[in-house]
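Report on one structure; see the data block that follows.
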Amino acid sequence: MVRKIRTVLALAALAFTFGLRPSAHAQDSKAKTLETGTFHGKVHSTSGRATIYQKEDGSLLLRLTNFKTSNGPDVHVILIAVKDADDDANFLKSGVERVELGPLKGNQGDQNYQIPSGTDLSKFQTVSIYCERFNANFGAAPLEKF
Amino acid sequence: MVAHIGSWLLRWKWVIVAFGFLALIGAWWVFRPEKLWINQKVNEPAPFASSTDPQPLYTGRLEGKAHQTSGRATIYKTIDGKQYLRLTDFSTSNGPDVHVLLAQSDDESLKQEIVKGQLDSVELGPLKGNQGDQNYDLPVPVDLQKYNAAVIYCERFHAVFGVAKLEQF
C-alpha cells in the first residue's frame with residue numbers, strides 16, 4: 001500500500017515538472033510587438049528604440065533598446081498624449097496628459113518598464129525621457145504600429 | 001565702520017560657513033552635476049529571451065513616392081541564420097512589373113519619383129501582392145549597413161512606389 005502511494009506520488013511529481021515546463025516556456029516566448037519608434041533629442045542627445053510589447057497575460061511592457069541619453073537628476077520615463085514632442089518641450093507648461101512608467105533605470109542600455117493596465121495606446125502615442133525636476137524633455141520617441 | 005563689519009563677520013563666521021555649506025549641498029542635490037560624467041548602464045533581458053522565433057534586426061515605415069504606399073518593412077533573422085524581409089500592414093497601388101528591392105537610403109536617385117539610370121540595389125523578387133503581409137528571402141551575402149532601405153519599385157517605368165528607411169531594431 002505504502003509502495004503504491006509512493007509510486008503515485010513520484011508519477012505525480014514527474015507529471016507536474018514536465019507539465020509545467022512547456023507552459024512556462026510558452027509564456028515567455030509569446031510577447032507580441034505592438035508599436036515601435038526611435039528616439040530623437042538634441043538638448044540632451046538621446047537615441048535608441050522604444051518598443052511596446054504585449055505579454056501573453058495581456059499586460060503591456062515598454063522596452064528601450066540601443067538606448068542612450070545623458071544622465072540627470074530625477075529623470076523619468078513617461079507616455080504622453082501627443083503625436084510627437086519637440087526636443088525642448090516643457091509638458092508642465094503645455095499641460096500635456098501623461099502616464100508615469102517610473103524613474104529611468106539607467107541612461108544607457110536595454111531596459112523594460114511595465115505600462116499600467118488600462119493605458120490607452122491610441123491616446124498616449126509618444127514615449128518621453130523627462131527630467132521632472134527641471135521639466136525638460138531629454139528625448140521623445142513617437143510610436144508607430146509595428 | 002569697516003571695523004564694525006569686520007567684527008560682525010568674525011562673530012557670525014561659523015554661521016555663515018554653515019549656511020554656505022548647506023546652500024552648496026542644496027545646489028548639488030538639485031543639479032547633481034557629477035551625473036554629467038557618470039553613466040548608469042543597465043542590461044535587462046527582452047520579454048521573450050528564450051524564444052526561438054525570428055528576431056527583428058531592422059525596421060522602418062514605408063513612405064509613398066510615385067504612388068501612395070504605407071506599412072512597415074522589417075528584416076528578421078531566423079534561428080538558423082536566414083534573413084528575410086517582411087511587409088506588414090502593407091498597402092500600395094497595383095502596377096506592372098513591381099518588385100521589392102533593397103537599396104541605399106542616401107541614394108540620390110531614390111529621392112526622385114522616377115529613377116534615371118541604374119539603381120544600385122539588391123533584388124528580392126516580384127511583389128507578391130499590393131496588399132497584405134508578405135515575406136521575401138534575402139540573398140545570403142547582403143550588407144544591411146549599406147542597403148538600408150526597402151523599396152517598392154516598378155521596373156517597367158523606373159518608378160519608386162515607396163521607400164522605407166530601415167533602422168536598427
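How things are named: the first chain in the C-alpha cells is A, the next is B, and so on; residues count from 1 in each chain; ligands count from 1 in the order shown.
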- Any chance you could list, as number ranges by chain, the residues in chain A that come up strand (DSSP E or B) when DSSP is run on the backbone? A: 32-38, 40, 47-54, 60-68, 75-80, 98-103, 108, 111-115, 126-131, 136-142, 144-145
Under the rule of at most 7 Å, produce a per-residue listing of chain A near chain B: chain, number, name, the closest pair of atoms, and the distance in Å, as a tab-separated table, using only C-alpha atoms.
residue	atom	partner	partner_atom	distance
A:Asp28	CA	B:Phe48	CA	5.0
A:Ser29	CA	B:Phe48	CA	4.5
A:Lys30	CA	B:Phe48	CA	6.7
A:Ala31	CA	B:Phe48	CA	6.1
A:Arg49	CA	B:Phe169	CA	6.7
A:Asn71	CA	B:Lys35	CA	5.3
A:Gly72	CA	B:Lys35	CA	5.7
A:Pro73	CA	B:Arg32	CA	6.0
A:Gly106	CA	B:Gln40	CA	4.7
A:Asn107	CA	B:Gln40	CA	5.5
A:Gln108	CA	B:Lys41	CA	4.7
A:Gly109	CA	B:Val42	CA	5.0
A:Asp110	CA	B:Asn43	CA	4.8
A:Gln111	CA	B:Glu44	CA	5.0
A:Asn112	CA	B:Glu44	CA	6.7
A:Phe146	CA	B:Arg72	CA	6.7
Export of prior selection with N, CA and C atoms as a CSV table (one decimal), in the first residue's frame:
chain,number,residue,atom,x,y,z
A,28,ASP,N,7.0,32.9,-21.8
A,28,ASP,CA,7.9,34.0,-22.1
A,28,ASP,C,8.3,34.1,-23.6
A,29,SER,N,7.8,33.2,-24.4
A,29,SER,CA,8.2,33.2,-25.8
A,29,SER,C,7.1,33.9,-26.6
A,30,LYS,N,6.0,34.3,-26.0
A,30,LYS,CA,4.8,34.8,-26.8
A,30,LYS,C,4.5,36.3,-26.5
A,31,ALA,N,5.6,37.1,-26.5
A,31,ALA,CA,5.3,38.5,-26.4
A,31,ALA,C,5.1,39.1,-27.8
A,49,ARG,N,15.8,52.9,-29.5
A,49,ARG,CA,14.5,52.5,-29.9
A,49,ARG,C,13.6,52.2,-28.7
A,71,ASN,N,22.8,61.4,-18.4
A,71,ASN,CA,22.4,61.2,-17.0
A,71,ASN,C,21.9,62.5,-16.4
A,72,GLY,N,21.0,62.4,-15.5
A,72,GLY,CA,20.5,63.7,-14.9
A,72,GLY,C,19.7,63.4,-13.6
A,73,PRO,N,19.3,64.4,-12.9
A,73,PRO,CA,18.6,64.2,-11.7
A,73,PRO,C,17.1,64.0,-11.9
A,106,GLY,N,18.5,53.5,-16.1
A,106,GLY,CA,19.9,53.7,-16.5
A,106,GLY,C,19.9,54.6,-17.7
A,107,ASN,N,21.0,55.4,-17.9
A,107,ASN,CA,21.0,56.3,-19.0
A,107,ASN,C,21.6,55.6,-20.3
A,108,GLN,N,22.0,54.3,-20.1
A,108,GLN,CA,22.5,53.5,-21.2
A,108,GLN,C,22.0,52.1,-21.1
A,109,GLY,N,21.7,51.5,-22.2
A,109,GLY,CA,21.4,50.0,-22.2
A,109,GLY,C,19.9,49.7,-22.3
A,110,ASP,N,19.7,48.4,-22.5
A,110,ASP,CA,18.4,47.8,-22.7
A,110,ASP,C,17.6,47.8,-21.3
A,111,GLN,N,16.4,48.2,-21.3
A,111,GLN,CA,15.6,48.2,-20.1
A,111,GLN,C,14.1,48.1,-20.4
A,112,ASN,N,13.4,47.6,-19.4
A,112,ASN,CA,11.9,47.3,-19.5
A,112,ASN,C,11.2,48.1,-18.5
A,146,PHE,N,3.7,48.4,-35.3
A,146,PHE,CA,4.7,47.5,-35.8
A,146,PHE,C,4.1,46.6,-36.9
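Contact shell of A:Glu132 at 8 Å (only C-alpha atoms; same-chain neighbours under 4 positions omitted): Asp74, Val75, His76 and Ala136 of chain A.
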- Quick one: everything within 10 Å of B:Lys77, counting only C-alpha atoms, minus sequence neighbours fewer than 6 positions away in the same chain. Send it as a PyMOL selection string. chain B and resi 53-58+83-85+138
- Item | Residue neighbourhood A:Ser117, 9 Å, only C-alpha atoms, exclusion window fewer than 4 positions, as a count of residues only | 3
- Message: Run DSSP on the backbone and tell me which residues of stretch 8-107 of chain B come out as helix (DSSP H, G or I); list them as a list in words.
- Response: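 Selection result, helix (DSSP H, G or I) within stretch 8-107 of chain B: Trp8, Leu9, Leu10, Arg11, Trp12, Lys13, Trp14, Val15, Ile16, Val17, Ala18, Phe19, Gly20, Phe21, Leu22, Ala23, Leu24, Ile25, Gly26, Ala27, Trp28, Trp29, Val30, Phe31, Pro33, Glu34, Lys35 and Leu36 of chain B.
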How about saving the chosen residues, N, CA and C atoms kept, as an mmCIF file, in the first residue's frame?
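Okay, out_17.cif is ready:
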data_model
loop_
_atom_site.group_PDB
_atom_site.id
_atom_site.type_symbol
_atom_site.label_atom_id
_atom_site.label_comp_id
_atom_site.auth_asym_id
_atom_site.auth_seq_id
_atom_site.Cartn_x
_atom_site.Cartn_y
_atom_site.Cartn_z
ATOM 1 N N TRP B 8 31.573 91.960 13.084
ATOM 2 C CA TRP B 8 30.302 91.249 12.849
ATOM 3 C C TRP B 8 30.560 89.923 12.110
ATOM 4 N N LEU B 9 31.400 90.060 11.065
ATOM 5 C CA LEU B 9 31.753 88.862 10.289
ATOM 6 C C LEU B 9 32.409 87.826 11.178
ATOM 7 N N LEU B 10 33.295 88.305 12.037
ATOM 8 C CA LEU B 10 34.018 87.399 12.915
ATOM 9 C C LEU B 10 33.071 86.655 13.848
ATOM 10 N N ARG B 11 32.101 87.425 14.351
ATOM 11 C CA ARG B 11 31.181 86.821 15.315
ATOM 12 C C ARG B 11 30.310 85.754 14.631
ATOM 13 N N TRP B 12 29.880 86.052 13.387
ATOM 14 C CA TRP B 12 28.939 85.139 12.712
ATOM 15 C C TRP B 12 29.624 84.196 11.733
ATOM 16 N N LYS B 13 30.954 84.141 11.784
ATOM 17 C CA LYS B 13 31.723 83.390 10.797
ATOM 18 C C LYS B 13 31.176 81.957 10.624
ATOM 19 N N TRP B 14 31.023 81.255 11.721
ATOM 20 C CA TRP B 14 30.677 79.840 11.629
ATOM 21 C C TRP B 14 29.247 79.638 11.126
ATOM 22 N N VAL B 15 28.374 80.596 11.500
ATOM 23 C CA VAL B 15 27.001 80.511 10.991
ATOM 24 C C VAL B 15 26.999 80.684 9.469
ATOM 25 N N ILE B 16 27.775 81.672 9.002
ATOM 26 C CA ILE B 16 27.848 81.930 7.552
ATOM 27 C C ILE B 16 28.422 80.717 6.833
ATOM 28 N N VAL B 17 29.491 80.146 7.407
ATOM 29 C CA VAL B 17 30.103 78.954 6.795
ATOM 30 C C VAL B 17 29.082 77.820 6.736
ATOM 31 N N ALA B 18 28.338 77.635 7.836
ATOM 32 C CA ALA B 18 27.353 76.556 7.882
ATOM 33 C C ALA B 18 26.274 76.754 6.816
ATOM 34 N N PHE B 19 25.783 78.020 6.703
ATOM 35 C CA PHE B 19 24.746 78.289 5.698
ATOM 36 C C PHE B 19 25.277 78.095 4.280
ATOM 37 N N GLY B 20 26.524 78.553 4.068
ATOM 38 C CA GLY B 20 27.143 78.373 2.758
ATOM 39 C C GLY B 20 27.244 76.903 2.405
ATOM 40 N N PHE B 21 27.632 76.109 3.407
ATOM 41 C CA PHE B 21 27.775 74.670 3.205
ATOM 42 C C PHE B 21 26.428 74.038 2.831
ATOM 43 N N LEU B 22 25.378 74.438 3.585
ATOM 44 C CA LEU B 22 24.033 73.916 3.301
ATOM 45 C C LEU B 22 23.586 74.300 1.891
ATOM 46 N N ALA B 23 23.874 75.554 1.511
ATOM 47 C CA ALA B 23 23.485 76.024 0.177
ATOM 48 C C ALA B 23 24.188 75.194 -0.893
ATOM 49 N N LEU B 24 25.475 74.886 -0.646
ATOM 50 C CA LEU B 24 26.238 74.076 -1.601
ATOM 51 C C LEU B 24 25.621 72.688 -1.741
ATOM 52 N N ILE B 25 25.280 72.082 -0.604
ATOM 53 C CA ILE B 25 24.670 70.747 -0.630
ATOM 54 C C ILE B 25 23.343 70.795 -1.385
ATOM 55 N N GLY B 26 22.566 71.838 -1.108
ATOM 56 C CA GLY B 26 21.283 72.000 -1.801
ATOM 57 C C GLY B 26 21.485 72.104 -3.307
ATOM 58 N N ALA B 27 22.434 72.927 -3.714
ATOM 59 C CA ALA B 27 22.698 73.114 -5.148
ATOM 60 C C ALA B 27 23.160 71.809 -5.777
ATOM 61 N N TRP B 28 23.998 71.080 -5.037
ATOM 62 C CA TRP B 28 24.461 69.794 -5.569
ATOM 63 C C TRP B 28 23.282 68.843 -5.743
ATOM 64 N N TRP B 29 22.388 68.803 -4.742
ATOM 65 C CA TRP B 29 21.260 67.873 -4.809
ATOM 66 C C TRP B 29 20.335 68.207 -5.981
ATOM 67 N N VAL B 30 20.157 69.509 -6.212
ATOM 68 C CA VAL B 30 19.256 69.918 -7.292
ATOM 69 C C VAL B 30 19.867 69.599 -8.656
ATOM 70 N N PHE B 31 21.127 69.928 -8.843
ATOM 71 C CA PHE B 31 21.699 69.809 -10.192
ATOM 72 C C PHE B 31 22.427 68.491 -10.429
ATOM 73 N N PRO B 33 25.589 67.623 -10.594
ATOM 74 C CA PRO B 33 26.495 67.824 -11.743
ATOM 75 C C PRO B 33 27.381 66.619 -12.034
ATOM 76 N N GLU B 34 27.636 65.775 -11.018
ATOM 77 C CA GLU B 34 28.529 64.636 -11.272
ATOM 78 C C GLU B 34 27.927 63.673 -12.281
ATOM 79 N N LYS B 35 26.574 63.768 -12.459
ATOM 80 C CA LYS B 35 25.917 62.858 -13.410
ATOM 81 C C LYS B 35 26.307 63.130 -14.855
ATOM 82 N N LEU B 36 26.901 64.311 -15.082
ATOM 83 C CA LEU B 36 27.374 64.618 -16.429
ATOM 84 C C LEU B 36 28.469 63.648 -16.849
#
- Message: Neighbouring residues of B:Lys128 were defined as those with any atom within 9 Å, considering only C-alpha atoms; residues of the same chain fewer than 3 positions away were excluded. Please report them as a PyMOL selection string.
- Response: chain B and resi 98-99+125+131+134-135
Give me a file of those residues, with C-alpha atoms, as a short mmCIF file (atom, residue, chain, number, x, y, z; two decimals), in the first residue's frame.
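Writing done, so here's out-v8.cif:
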data_model
loop_
_atom_site.label_atom_id
_atom_site.label_comp_id
_atom_site.auth_asym_id
_atom_site.auth_seq_id
_atom_site.Cartn_x
_atom_site.Cartn_y
_atom_site.Cartn_z
CA VAL B 98 6.55 45.78 -59.48
CA HIS B 99 9.49 44.46 -57.46
CA GLY B 125 11.67 39.37 -56.10
CA GLN B 131 -1.91 44.50 -50.02
CA GLN B 134 4.28 39.07 -47.08
CA ASN B 135 7.84 37.72 -46.74
#
